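J.: Supplied structure: model-v1.cif, mmCIF, C-alpha atoms.
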```
data_target
loop_
_atom_site.label_atom_id
_atom_site.label_comp_id
_atom_site.auth_asym_id
_atom_site.auth_seq_id
_atom_site.Cartn_x
_atom_site.Cartn_y
_atom_site.Cartn_z
CA MET A 1 45.36 54.06 6.34
CA MET A 2 47.66 56.31 4.34
CA LYS A 3 44.86 56.94 1.86
CA SER A 4 42.47 57.73 4.69
CA SER A 5 44.88 60.09 6.46
CA SER A 6 45.65 62.01 3.28
CA SER A 7 41.94 62.78 2.88
CA TYR A 8 41.88 64.83 6.09
CA PRO A 9 43.22 68.40 6.46
CA LYS A 10 46.40 68.93 8.45
CA ASN A 11 45.08 72.00 10.25
CA GLY A 12 41.36 71.90 9.88
CA ARG A 13 38.21 69.97 10.61
CA VAL A 14 35.87 67.67 8.73
CA ILE A 15 32.24 68.23 9.71
CA LEU A 16 29.15 66.34 8.60
CA HIS A 17 25.62 67.64 8.74
CA ILE A 18 23.17 64.74 8.60
CA ASP A 19 19.54 65.59 7.85
CA MET A 20 16.82 62.96 7.71
CA ASN A 21 14.56 63.48 4.69
CA ALA A 22 10.84 64.07 5.32
CA PHE A 23 11.49 62.33 8.62
CA TYR A 24 7.98 61.86 10.03
CA CYS A 25 6.59 60.60 6.72
CA SER A 26 9.66 58.45 6.06
CA VAL A 27 9.20 56.74 9.43
CA HIS A 28 5.60 55.89 8.57
CA GLU A 29 6.76 54.55 5.19
CA ALA A 30 9.42 52.41 6.88
CA VAL A 31 6.98 50.98 9.42
CA GLU A 32 4.12 50.32 6.97
CA PRO A 33 5.63 50.24 3.46
CA GLU A 34 2.65 48.33 2.05
CA SER A 35 0.37 51.23 3.02
CA TYR A 36 2.52 54.31 2.49
CA LYS A 37 5.72 53.62 0.51
CA GLY A 38 5.97 56.00 -2.43
CA LYS A 39 2.52 57.45 -1.83
CA ALA A 40 1.41 61.01 -1.23
CA ILE A 41 1.16 61.17 2.56
CA ALA A 42 1.29 64.00 5.07
CA VAL A 43 1.34 64.39 8.84
CA SER A 44 -1.25 66.86 10.07
CA GLY A 45 -0.84 68.54 13.44
CA SER A 46 -4.50 68.92 14.29
CA VAL A 47 -6.87 66.62 16.12
CA GLU A 48 -9.46 67.63 13.56
CA GLN A 49 -7.11 67.01 10.66
CA ARG A 50 -9.14 68.71 7.97
CA LYS A 51 -9.03 71.96 9.96
CA GLY A 52 -5.33 71.73 10.70
CA ILE A 53 -2.08 72.41 8.89
CA ILE A 54 0.48 70.18 7.21
CA VAL A 55 3.40 69.43 9.55
CA THR A 56 5.39 67.61 6.87
CA SER A 57 4.73 65.70 3.65
CA SER A 58 6.35 62.93 1.65
CA TYR A 59 8.27 63.72 -1.52
CA ALA A 60 5.42 62.21 -3.57
CA ALA A 61 3.06 64.71 -1.94
CA ARG A 62 5.49 67.58 -2.41
CA ALA A 63 5.57 66.81 -6.12
CA LYS A 64 1.81 67.50 -6.14
CA GLY A 65 2.28 70.89 -4.44
CA VAL A 66 1.72 69.91 -0.80
CA LYS A 67 3.93 72.04 1.46
CA THR A 68 4.71 72.32 5.17
CA GLY A 69 2.50 74.91 6.86
CA MET A 70 -0.24 74.64 4.23
CA HIS A 71 -3.82 74.27 5.44
CA VAL A 72 -5.08 70.73 5.06
CA ARG A 73 -8.03 71.96 3.01
CA GLU A 74 -5.68 73.52 0.44
CA ALA A 75 -3.44 70.44 0.43
CA LEU A 76 -6.41 68.20 -0.38
CA LYS A 77 -7.40 70.49 -3.25
CA ARG A 78 -3.94 70.16 -4.76
CA CYS A 79 -3.68 66.45 -4.04
CA PRO A 80 -7.08 64.75 -3.56
CA GLU A 81 -5.44 61.35 -3.02
CA LEU A 82 -3.36 62.72 -0.10
CA ILE A 83 -3.29 60.34 2.88
CA LEU A 84 -3.45 62.26 6.18
CA LEU A 85 -1.75 60.77 9.24
CA GLN A 86 -1.80 61.71 12.89
CA PRO A 87 1.68 62.36 14.37
CA ASP A 88 3.25 59.54 16.39
CA PHE A 89 6.06 61.20 18.36
CA ASP A 90 6.71 58.08 20.40
CA LEU A 91 7.59 56.30 17.15
CA TYR A 92 9.61 59.27 15.86
CA ARG A 93 11.66 59.35 19.09
CA GLU A 94 12.39 55.63 18.77
CA TYR A 95 13.73 56.08 15.24
CA SER A 96 15.62 59.22 16.26
CA ARG A 97 17.50 57.31 18.94
CA ALA A 98 18.31 54.52 16.49
CA PHE A 99 19.57 57.01 13.89
CA MET A 100 21.73 58.84 16.44
CA LYS A 101 23.17 55.55 17.71
CA ILE A 102 24.44 54.73 14.22
CA VAL A 103 26.10 58.15 14.00
CA TYR A 104 27.77 57.75 17.40
CA ALA A 105 29.50 54.62 16.12
CA TYR A 106 31.78 56.84 14.00
CA SER A 107 32.50 59.76 16.34
CA PRO A 108 31.74 60.84 19.91
CA LEU A 109 31.58 64.45 18.72
CA VAL A 110 27.89 64.56 17.80
CA GLU A 111 25.69 67.62 18.28
CA PRO A 112 21.98 66.84 17.88
CA VAL A 113 20.11 69.85 16.51
CA SER A 114 16.62 68.39 16.42
CA ILE A 115 14.89 65.03 16.41
CA ASP A 116 16.06 64.39 12.83
CA GLU A 117 19.37 66.17 12.28
CA CYS A 118 22.83 66.52 13.79
CA TYR A 119 26.37 67.75 13.24
CA VAL A 120 29.28 65.31 13.51
CA ASP A 121 32.97 66.14 13.78
CA ILE A 122 34.84 63.23 12.14
CA THR A 123 38.29 64.88 12.11
CA GLY A 124 39.58 62.17 14.46
CA SER A 125 37.74 59.29 12.77
CA LYS A 126 40.38 58.33 10.22
CA GLN A 127 40.28 54.70 11.33
CA PHE A 128 36.84 54.37 9.73
CA GLY A 129 38.00 55.57 6.32
CA THR A 130 37.90 58.77 4.30
CA PRO A 131 35.21 61.39 4.96
CA LEU A 132 33.30 60.21 1.89
CA GLU A 133 33.57 56.57 2.97
CA ILE A 134 32.27 57.38 6.47
CA SER A 135 29.44 59.48 5.06
CA THR A 136 28.45 56.79 2.59
CA THR A 137 28.56 54.11 5.27
CA ILE A 138 26.34 56.11 7.63
CA GLN A 139 23.89 56.88 4.85
CA GLN A 140 23.72 53.23 3.74
CA ARG A 141 23.32 51.95 7.31
CA VAL A 142 20.49 54.38 8.07
CA LEU A 143 18.75 53.26 4.89
CA SER A 144 19.32 49.51 5.26
CA GLU A 145 18.82 49.21 9.04
CA LEU A 146 16.03 51.77 9.50
CA GLY A 147 14.59 52.16 6.02
CA LEU A 148 15.11 55.94 6.16
CA PRO A 149 16.74 58.26 3.61
CA CYS A 150 19.06 61.03 4.78
CA SER A 151 21.11 63.76 3.15
CA ILE A 152 24.68 64.45 4.27
CA GLY A 153 26.83 67.53 3.79
CA VAL A 154 30.61 67.23 4.15
CA ALA A 155 32.55 70.44 4.81
CA PRO A 156 35.29 72.10 6.87
CA ASN A 157 32.74 73.79 9.17
CA LYS A 158 29.16 73.56 10.42
CA LEU A 159 27.81 76.35 8.22
CA LEU A 160 29.01 74.83 4.96
CA ALA A 161 28.04 71.31 6.08
CA LYS A 162 24.47 72.52 6.65
CA MET A 163 24.40 74.31 3.30
CA ALA A 164 25.75 71.20 1.58
CA SER A 165 23.20 68.81 3.08
CA ASP A 166 20.39 71.01 1.74
CA MET A 167 21.70 70.86 -1.83
CA LYS A 168 20.67 67.30 -2.71
CA LYS A 169 17.50 65.74 -1.32
CA PRO A 170 16.49 63.05 -0.74
CA ASN A 171 19.44 60.78 0.02
CA GLY A 172 22.05 63.20 -1.28
CA LEU A 173 25.75 63.40 -0.42
CA THR A 174 27.46 66.73 -1.10
CA VAL A 175 30.98 68.01 -0.44
CA LEU A 176 31.36 71.79 -0.05
CA ARG A 177 34.86 73.17 0.46
CA LEU A 178 35.89 76.76 1.10
CA ARG A 179 37.30 77.07 -2.40
CA ASP A 180 33.90 76.02 -3.78
CA VAL A 181 32.01 78.85 -2.08
CA PRO A 182 32.38 81.53 -4.82
CA ASN A 183 31.14 79.27 -7.60
CA VAL A 184 28.48 77.41 -5.64
CA MET A 185 27.06 80.05 -3.30
CA TRP A 186 27.77 83.59 -4.39
CA GLN A 187 25.16 83.81 -7.15
CA ARG A 188 22.38 82.74 -4.79
CA PRO A 189 20.06 85.22 -3.03
CA CYS A 190 20.95 86.11 0.56
CA VAL A 191 17.88 84.38 1.96
CA GLU A 192 19.40 81.03 0.95
CA LEU A 193 22.35 81.55 3.29
CA PHE A 194 21.78 79.53 6.46
CA GLY A 195 21.01 81.87 9.35
CA ILE A 196 19.51 84.64 7.23
CA GLY A 197 15.74 84.92 7.51
CA ARG A 198 13.29 86.74 5.30
CA LYS A 199 13.40 90.00 7.29
CA THR A 200 17.20 90.16 7.30
CA ALA A 201 17.26 89.41 3.57
CA GLU A 202 14.77 92.23 2.95
CA LYS A 203 16.89 94.64 5.00
CA LEU A 204 20.00 93.62 3.04
CA GLU A 205 18.16 94.21 -0.22
CA ARG A 206 17.15 97.70 0.91
CA ILE A 207 20.83 98.59 1.24
CA GLY A 208 21.64 97.12 -2.17
CA ILE A 209 22.86 93.64 -1.19
CA ARG A 210 20.92 90.94 -3.06
CA THR A 211 23.28 87.99 -3.44
CA ILE A 212 25.55 86.08 -1.08
CA GLY A 213 28.51 87.20 -3.17
CA GLU A 214 27.58 90.86 -2.74
CA LEU A 215 27.33 90.27 1.00
CA ALA A 216 30.76 88.64 1.06
CA HIS A 217 32.25 91.73 -0.59
CA ALA A 218 30.23 94.32 1.38
CA ASP A 219 31.96 96.97 3.46
CA ILE A 220 32.20 95.69 7.03
CA GLU A 221 31.71 99.14 8.58
CA MET A 222 28.54 99.65 6.58
CA LEU A 223 27.22 96.25 7.72
CA SER A 224 28.04 97.11 11.32
CA ARG A 225 26.07 100.36 11.06
CA HIS A 226 22.99 98.53 9.85
CA PHE A 227 23.26 95.25 11.78
CA GLY A 228 25.46 95.98 14.79
CA ILE A 229 27.66 93.12 15.97
CA THR A 230 25.80 90.79 13.59
CA GLY A 231 27.19 92.63 10.57
CA PRO A 232 30.70 91.10 10.56
CA ALA A 233 29.20 87.65 11.22
CA LEU A 234 26.99 87.99 8.14
CA LYS A 235 30.01 88.89 6.00
CA ASN A 236 31.99 85.91 7.35
CA ALA A 237 29.10 83.54 6.71
CA ALA A 238 28.81 84.74 3.12
CA ALA A 239 32.51 83.92 2.70
CA GLY A 240 31.91 80.43 4.14
CA ILE A 241 33.72 81.17 7.41
CA ASP A 242 32.43 79.55 10.62
CA HIS A 243 34.58 78.73 13.65
CA SER A 244 31.86 77.32 15.92
CA PRO A 245 32.76 73.84 17.20
CA VAL A 246 30.57 70.77 17.22
CA ASN A 247 29.34 70.64 20.81
CA PRO A 248 28.89 67.02 21.99
CA ASN A 249 27.54 68.14 25.36
CA ARG A 250 23.81 68.44 24.94
CA GLU A 251 23.10 71.75 26.52
CA GLN A 252 20.46 72.01 29.18
CA ASN A 253 17.17 73.24 27.80
CA LYS A 254 16.86 77.01 27.95
CA SER A 255 13.12 76.56 28.23
CA ILE A 256 10.47 73.88 28.29
CA GLY A 257 7.03 74.70 26.99
CA HIS A 258 3.83 73.41 25.48
CA THR A 259 1.22 75.20 23.39
CA THR A 260 -2.10 73.92 22.10
CA THR A 261 -4.38 75.23 19.38
CA LEU A 262 -7.99 74.78 20.41
CA PRO A 263 -10.56 73.21 18.06
CA HIS A 264 -12.89 76.13 18.79
CA ASN A 265 -12.57 79.52 20.48
CA ILE A 266 -13.00 79.58 24.25
CA GLN A 267 -14.24 82.65 26.08
CA ASP A 268 -14.82 81.63 29.69
CA ARG A 269 -12.20 81.31 32.42
CA ALA A 270 -13.22 77.81 33.54
CA ALA A 271 -12.40 76.37 30.11
CA ALA A 272 -9.13 78.32 29.85
CA VAL A 273 -7.76 77.24 33.23
CA LYS A 274 -8.46 73.56 32.45
CA VAL A 275 -6.23 73.94 29.41
CA LEU A 276 -3.57 75.68 31.51
CA LEU A 277 -3.57 72.84 34.04
CA ASN A 278 -2.86 70.25 31.37
CA LEU A 279 -0.16 72.45 29.83
CA ALA A 280 1.46 73.07 33.24
CA ASP A 281 1.37 69.35 33.97
CA GLY A 282 3.15 68.52 30.72
CA VAL A 283 5.81 71.17 31.32
CA ALA A 284 6.42 70.12 34.94
CA ARG A 285 6.66 66.43 34.04
CA ARG A 286 9.37 67.14 31.47
CA MET A 287 11.25 69.34 33.95
CA ARG A 288 11.23 66.68 36.66
CA ARG A 289 12.51 64.04 34.26
CA GLN A 290 15.50 66.28 33.58
CA LYS A 291 15.85 67.32 37.25
CA LEU A 292 15.32 71.00 36.44
CA VAL A 293 13.54 73.84 38.22
CA THR A 294 12.17 77.05 36.74
CA GLU A 295 12.26 80.63 37.98
CA THR A 296 10.14 82.14 35.20
CA VAL A 297 6.69 81.14 33.99
CA GLN A 298 5.53 82.47 30.63
CA LEU A 299 1.98 82.48 29.28
CA THR A 300 1.08 82.75 25.59
CA ILE A 301 -2.42 83.75 24.45
CA ARG A 302 -3.44 83.94 20.79
CA ASP A 303 -6.82 85.08 19.48
CA PRO A 304 -8.60 83.99 16.26
CA ASP A 305 -7.02 86.91 14.39
CA MET A 306 -3.54 85.52 15.23
CA HIS A 307 -2.80 88.40 17.60
CA THR A 308 -0.45 86.97 20.23
CA VAL A 309 0.19 88.17 23.77
CA THR A 310 3.17 86.76 25.66
CA ARG A 311 3.72 87.63 29.33
CA SER A 312 5.97 86.19 32.03
CA MET A 313 6.71 86.52 35.74
CA THR A 314 9.61 85.61 38.01
CA ILE A 315 8.88 83.02 40.69
CA ALA A 316 10.67 81.02 43.38
CA PRO A 317 12.41 77.92 41.94
CA THR A 318 9.95 75.07 41.43
CA ASP A 319 9.16 71.95 39.44
CA ILE A 320 5.69 71.40 40.92
CA THR A 321 2.73 71.31 38.54
CA GLN A 322 0.42 73.24 40.86
CA ASP A 323 2.94 76.06 41.25
CA ILE A 324 3.38 76.52 37.50
CA TYR A 325 -0.38 76.28 37.02
CA HIS A 326 -1.01 78.86 39.76
CA TYR A 327 1.28 81.45 38.17
CA ALA A 328 -0.05 80.75 34.66
CA CYS A 329 -3.55 81.48 35.99
CA MET A 330 -2.30 84.69 37.58
CA LEU A 331 -0.90 85.80 34.23
CA LEU A 332 -4.16 84.87 32.52
CA ASP A 333 -6.23 86.91 34.95
CA LYS A 334 -3.93 89.90 34.58
CA HIS A 335 -3.54 89.95 30.81
CA TRP A 336 -6.79 88.51 29.46
CA LYS A 337 -10.27 89.99 29.50
CA VAL A 338 -13.02 87.47 30.21
CA GLY A 339 -15.12 87.06 27.08
CA ASP A 340 -12.33 87.73 24.60
CA PRO A 341 -11.95 84.67 22.32
CA ILE A 342 -8.87 82.47 22.74
CA ARG A 343 -7.66 80.11 20.01
CA LEU A 344 -4.25 79.11 21.40
CA LEU A 345 -2.75 78.86 24.87
CA GLY A 346 0.83 78.09 25.88
CA VAL A 347 2.78 77.66 29.11
CA THR A 348 6.58 77.82 29.14
CA ALA A 349 9.07 77.35 31.97
CA GLN A 350 12.10 79.59 31.43
CA ASN A 351 15.29 80.44 33.32
CA LEU A 352 15.92 76.77 34.08
CA SER A 353 18.62 75.37 36.34
CA SER A 354 19.59 72.08 37.92
CA LYS A 355 17.45 71.18 40.91
CA MET A 356 20.53 69.84 42.72
CA GLU A 357 22.38 73.13 42.33
CA LYS A 358 19.58 75.58 43.04
CA PRO A 359 19.06 76.46 46.72
CA LEU A 360 15.41 76.86 47.69
CA GLN A 361 14.44 79.80 49.87
CA LEU A 362 11.43 78.75 51.94
CA ASP A 363 9.26 80.46 54.50
CA LEU A 364 7.98 78.52 57.53
CA PHE A 365 4.82 77.31 55.78
CA GLU A 366 6.73 76.14 52.70
CA TYR A 367 9.33 74.47 54.91
CA GLU A 368 6.61 72.28 56.39
CA GLU A 369 4.53 71.74 53.26
CA LEU A 370 7.11 71.38 50.46
CA PRO A 371 8.33 67.88 51.49
CA LYS A 372 4.72 66.67 51.46
CA LYS A 373 4.08 68.16 48.02
CA GLU A 374 7.31 66.73 46.64
CA LYS A 375 6.58 63.27 48.07
CA LEU A 376 3.09 63.27 46.58
CA THR A 377 4.49 64.41 43.23
CA GLU A 378 7.17 61.70 43.37
CA VAL A 379 4.57 58.99 44.00
CA MET A 380 2.30 60.26 41.21
CA ASP A 381 5.24 60.43 38.77
CA ALA A 382 6.21 56.84 39.62
CA ILE A 383 2.65 55.62 38.98
CA ARG A 384 2.43 57.48 35.67
CA ASP A 385 5.87 56.27 34.58
CA LYS A 386 4.74 52.69 35.15
CA PHE A 387 1.12 52.74 34.05
CA GLY A 388 0.90 55.68 31.66
CA GLU A 389 0.25 59.42 31.84
CA ASN A 390 -3.49 58.99 32.37
CA ALA A 391 -3.08 56.60 35.32
CA VAL A 392 -3.34 59.46 37.82
CA VAL A 393 -4.88 62.81 36.94
CA THR A 394 -6.71 65.44 38.90
CA LEU A 395 -10.33 66.23 38.15
CA GLY A 396 -9.34 69.58 36.69
CA MET A 397 -7.21 67.85 34.04
CA VAL A 398 -10.16 65.95 32.57
CA SER A 399 -11.47 67.77 29.52
CA ASP A 400 -12.08 67.29 25.80
CA ASP A 401 -9.64 69.87 24.47
CA PRO A 402 -6.34 69.02 22.73
CA SER A 403 -4.25 69.88 25.82
CA THR A 404 -5.16 66.45 27.24
CA LEU A 405 -3.18 64.92 24.37
CA LEU A 406 0.02 66.12 26.05
CA ARG A 407 -0.35 63.00 28.20
CA ASN A 408 -0.18 60.84 25.07
CA PRO A 409 3.50 60.22 24.17
CA ARG A 410 2.52 59.25 20.64
CA ILE A 411 1.07 62.69 19.94
CA ARG A 412 3.14 64.85 22.29
CA GLY A 413 6.29 66.44 20.92
CA THR A 414 7.95 68.59 18.26
CA SER A 415 11.03 68.21 16.12
CA LEU A 416 12.97 70.44 18.53
CA GLN A 417 12.19 68.48 21.69
CA MET A 418 15.31 66.53 22.56
CA ASP A 419 14.26 64.99 25.87
CA HIS A 420 14.52 61.47 24.42
CA LEU A 421 18.26 62.03 23.80
CA LYS A 422 18.91 63.29 27.35
CA GLN A 423 17.89 60.11 29.12
CA ARG A 424 21.20 58.31 28.70
CA PRO A 425 24.28 58.49 26.44
CA LEU A 426 23.53 57.07 23.03
CA SER A 427 27.05 55.70 22.74
CA GLU A 428 26.25 53.16 25.46
CA GLU A 429 25.45 49.62 24.39
CA GLU A 430 21.74 48.89 24.64
#
```
As structure tokens, please, write out the structure in this file.
T.:
Amino acid sequence: MMKSSSSYPKNGRVILHIDMNAFYCSVHEAVEPESYKGKAIAVSGSVEQRKGIIVTSSYAARAKGVKTGMHVREALKRCPELILLQPDFDLYREYSRAFMKIVYAYSPLVEPVSIDECYVDITGSKQFGTPLEISTTIQQRVLSELGLPCSIGVAPNKLLAKMASDMKKPNGLTVLRLRDVPNVMWQRPCVELFGIGRKTAEKLERIGIRTIGELAHADIEMLSRHFGITGPALKNAAAGIDHSPVNPNREQNKSIGHTTTLPHNIQDRAAAVKVLLNLADGVARRMRRQKLVTETVQLTIRDPDMHTVTRSMTIAPTDITQDIYHYACMLLDKHWKVGDPIRLLGVTAQNLSSKMEKPLQLDLFEYEELPKKEKLTEVMDAIRDKFGENAVVTLGMVSDDPSTLLRNPRIRGTSLQMDHLKQRPLSEEE
């Protein structure tokens, strides 16, 4: 215990950033090693895979030049033996829960960031060993129990922990202390600093700041002139300073949305509104599971030239599919010209709040009708929860476009959707 205690700072924190490596592909390798282990595989996000893009690829595929975001056609040119897989988000969520449960065994201070990564504050976890011992144990358990590799960064704050976990992949374990920052980070370009995107890096370069070290030594007043209140934060980050705590309370979603890229352009309203109904249904179902209501509906329309229009409107609080669908259609009619080609549609519920805490302001008609609508919705949800999402659908939801796949839990989802971790505390015994 003395050895363990001496490995922890007296007045500081020990933070881990745990990042699963090529998570989607690694899950497929773990489930079917005889088919995929060590092979060049990739998950493609399109129903028509050869027309889609690469969502993620295995390390064997990456070695052949296959990258995330690459068109499948280009990926197959670079790696003809590439095995394309459809996403299975139901399976990914199952493995995500199992991974998070292992992490919770060593600290209650866990902040999930996405389906495959989290921050962990182990400052009070001395009873489990030194920071390196805890990190090694977690890494070994994830590999032996789940068959998945992960990289772990160990640092005094979240920023450096994230930077450290990115340094060795796959299955790396890296310690990054404040005193290491000048030697390890300062010669790197600014774009490699977590939180700095391409545009910010280009703006920094225009004012003569090319490396993280130059940013760390930049004049704070000059940074404030160019970046406002973000300027001092950039300078602190370059010096490895980050005071943000690990937040174990999973924050309520700021928004819930679904988008779908269509296999072909649509130009008539009847086809568009069918897509919107399926999108609204998926959004409303997720809201009701989390007991949330929305006061803002947002519509996204993208044409074949990748020009995107995003419009929103404020509404009375609701979690009813037909309400969200109604306002999405209103936005469509107002901001889209019939005949213009559409390649992508999205519906997002914003300005969310707890249904229990949000008072509903109803007129006489709504006062009489809302209980009936809510009861019908409750019954339909119960049937779909028991027998599957396709057990009860309206005629308008039946179509052959990809929006119908939102009702398939294997295909529905993204790495940032955390609904599966909001159902019950992962620290509970299962």
J.: What does the structure give for the distance between atom CA of Val14 of chain A and atom CA of Pro131 of chain A, in Å to one decimal?
T.: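 Atom-to-atom, atom CA of Val14 of chain A and atom CA of Pro131 of chain A are spaced 7.4 Å apart.
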J.: Report as a short mmCIF file (atom, residue, chain, number, x, y, z; two decimals) with C-alpha atoms, in the frame of the given file the residues that result from applying the PyMOL selection byres ((chain A and resi 43) around 8) to the structure here.
T.:
```
data_model
loop_
_atom_site.label_atom_id
_atom_site.label_comp_id
_atom_site.auth_asym_id
_atom_site.auth_seq_id
_atom_site.Cartn_x
_atom_site.Cartn_y
_atom_site.Cartn_z
CA TYR A 24 7.98 61.86 10.03
CA CYS A 25 6.59 60.60 6.72
CA ILE A 41 1.16 61.17 2.56
CA ALA A 42 1.29 64.00 5.07
CA SER A 44 -1.25 66.86 10.07
CA GLY A 45 -0.84 68.54 13.44
CA ILE A 54 0.48 70.18 7.21
CA VAL A 55 3.40 69.43 9.55
CA THR A 56 5.39 67.61 6.87
CA SER A 57 4.73 65.70 3.65
CA LEU A 84 -3.45 62.26 6.18
CA LEU A 85 -1.75 60.77 9.24
CA GLN A 86 -1.80 61.71 12.89
CA PRO A 87 1.68 62.36 14.37
#
```
J.: A:Asp121, A:Asp268, A:Asp166, A:Glu214: which is nearest Trp186 of chain A, counting all atoms listed in the file?
T.: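 Answer, going by the shortest atom-to-atom distance: A:Glu214.
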J.: Give me the result of the PyMOL selection byres ((chain A and resi 81) around 9) on this file, residue by residue, as a ChimeraX atom specification.
T.: /A:39-41,76,79-80,82-83
J.: Running the PyMOL selection byres ((chain A and resi 218) around 12) on this model by hand, what would come out? Give it as a VMD selection string.
T.: chain A and resid 204 207 to 217 219 to 224 226 231 to 236 238 to 239
J.: In Å, rounded to a single decimal, give me how far atom CA of Phe23 of chain A is from atom CA of Ser107 of chain A.
T.: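 Pair atom CA of Ser107 of chain A / atom CA of Phe23 of chain A returns 22.5 Å.
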J.: Measure the distance from atom CA of Lys168 of chain A to atom CA of Thr130 of chain A in Å and round it to one decimal.
T.: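 Calculated distance between atom CA of Lys168 of chain A and atom CA of Thr130 of chain A is 20.5 Å.
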J.: Is it possible to get the axis-aligned box enclosing segment 109-120 of chain A (all listed atoms, 4 Å extra per side) as lines of an AutoDock Vina configuration file, with centre and edge lengths in Å rounded to one decimal?
T.:
```
center_x = 23.2
center_y = 67.1
center_z = 15.5
size_x = 24.7
size_y = 13.5
size_z = 14.4
```
J.: Give the answer as one residue: which of A:Leu146, A:Gln140, A:Val283, A:Ala382 has the shortest atom-to-atom distance to Glu29 of chain A, using only C-alpha atoms?
T.: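 For Glu29 of chain A, the nearest of the given residues is A:Leu146.
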J.: Go through A:Lys162, A:Ser353, A:Arg286, A:Arg343 one by one, measure the shortest atom-to-atom distance of each to Ile320 of chain A using all atoms listed in the file, and give the residue with the smallest value.
T.: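 When distances to Ile320 of chain A are compared using all atoms listed in the file, the smallest one comes from A:Arg286.
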J.: Using all atoms listed in the file, pick whichever of A:Ala237, A:Leu332, A:Leu292, A:Leu345 has the shortest atom-to-atom distance to Met306 of chain A.
T.: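 Ranking A:Ala237, A:Leu332, A:Leu292, A:Leu345 by distance to Met306 of chain A, first place goes to A:Leu345.
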J.: For Asp281 of chain A, which residue out of A:Ile241, A:Cys150, A:Ile324, A:Ile315 is the nearest one, using only C-alpha atoms?
T.: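 Nearest candidate to Asp281 of chain A out of A:Ile241, A:Cys150, A:Ile324, A:Ile315: A:Ile324.
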J.: List the spatial neighbours of Ala280 of chain A as number ranges by chain - criterion: any atom at most 7 Å away, only C-alpha atoms, same-chain residues fewer than 2 positions off excluded.
T.: A: 276-278, 282-284, 321, 324-325, 347
J.: Find the residues near Asn247 of chain A: any atom within 10 Å, counting all atoms listed in the file, skip ones fewer than 3 places away on the same chain, and give them as a CSV table (one decimal) with C-alpha atoms, keeping the file's coordinate frame.
T.:
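Here's the written file part_9.csv:
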```csv
chain,number,residue,atom,x,y,z
A,109,LEU,CA,31.6,64.4,18.7
A,110,VAL,CA,27.9,64.6,17.8
A,111,GLU,CA,25.7,67.6,18.3
A,112,PRO,CA,22.0,66.8,17.9
A,119,TYR,CA,26.4,67.8,13.2
A,120,VAL,CA,29.3,65.3,13.5
A,121,ASP,CA,33.0,66.1,13.8
A,244,SER,CA,31.9,77.3,15.9
A,250,ARG,CA,23.8,68.4,24.9
A,251,GLU,CA,23.1,71.8,26.5
```
J.: Using all atoms listed in the file, which of A:Lys203, A:Arg188, A:Lys158, A:Val273 sits nearest Gly240 of chain A?
T.: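 Checking each of A:Lys203, A:Arg188, A:Lys158, A:Val273 against Gly240 of chain A, counting all atoms listed in the file, the winner is A:Lys158.
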J.: Using only C-alpha atoms, what residues lie at most 10 Å away from (-14.0, 77.4, 18.1) (file coordinates), given as a PyMOL selection string?
T.: chain A and resi 261-267+304+341-343
J.: Would you save the residues from that selection as a PDB file, in the frame of the given file, using C-alpha atoms?
T.:
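Listed below is the output, out_0.pdb:
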```pdb
ATOM      1  CA  THR A 261      -4.380  75.230  19.380  1.00  0.00           C
ATOM      2  CA  LEU A 262      -7.990  74.780  20.410  1.00  0.00           C
ATOM      3  CA  PRO A 263     -10.560  73.210  18.060  1.00  0.00           C
ATOM      4  CA  HIS A 264     -12.890  76.130  18.790  1.00  0.00           C
ATOM      5  CA  ASN A 265     -12.570  79.520  20.480  1.00  0.00           C
ATOM      6  CA  ILE A 266     -13.000  79.580  24.250  1.00  0.00           C
ATOM      7  CA  GLN A 267     -14.240  82.650  26.080  1.00  0.00           C
ATOM      8  CA  PRO A 304      -8.600  83.990  16.260  1.00  0.00           C
ATOM      9  CA  PRO A 341     -11.950  84.670  22.320  1.00  0.00           C
ATOM     10  CA  ILE A 342      -8.870  82.470  22.740  1.00  0.00           C
ATOM     11  CA  ARG A 343      -7.660  80.110  20.010  1.00  0.00           C
TER      12      ARG A 343
END
```
J.: Need to verify the contact set: Thr174 of chain A, 8 Å, only C-alpha atoms, exclusion of same-chain residues closer than 2 positions in sequence. Can you return it as a list of chain:residue names?
T.: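 Counting only C-alpha atoms, the residues come to A:Ile152, A:Gly153, A:Val154, A:Ala164, A:Ser165, A:Met167, A:Lys168, A:Gly172, A:Leu176.
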J.: Output the selection as a PDB file, keeping the file's coordinate frame - C-alpha atoms for each residue.
T.:
```pdb
ATOM      1  CA  ILE A 152      24.680  64.450   4.270  1.00  0.00           C
ATOM      2  CA  GLY A 153      26.830  67.530   3.790  1.00  0.00           C
ATOM      3  CA  VAL A 154      30.610  67.230   4.150  1.00  0.00           C
ATOM      4  CA  ALA A 164      25.750  71.200   1.580  1.00  0.00           C
ATOM      5  CA  SER A 165      23.200  68.810   3.080  1.00  0.00           C
ATOM      6  CA  MET A 167      21.700  70.860  -1.830  1.00  0.00           C
ATOM      7  CA  LYS A 168      20.670  67.300  -2.710  1.00  0.00           C
ATOM      8  CA  GLY A 172      22.050  63.200  -1.280  1.00  0.00           C
ATOM      9  CA  LEU A 176      31.360  71.790  -0.050  1.00  0.00           C
TER      10      LEU A 176
END
```
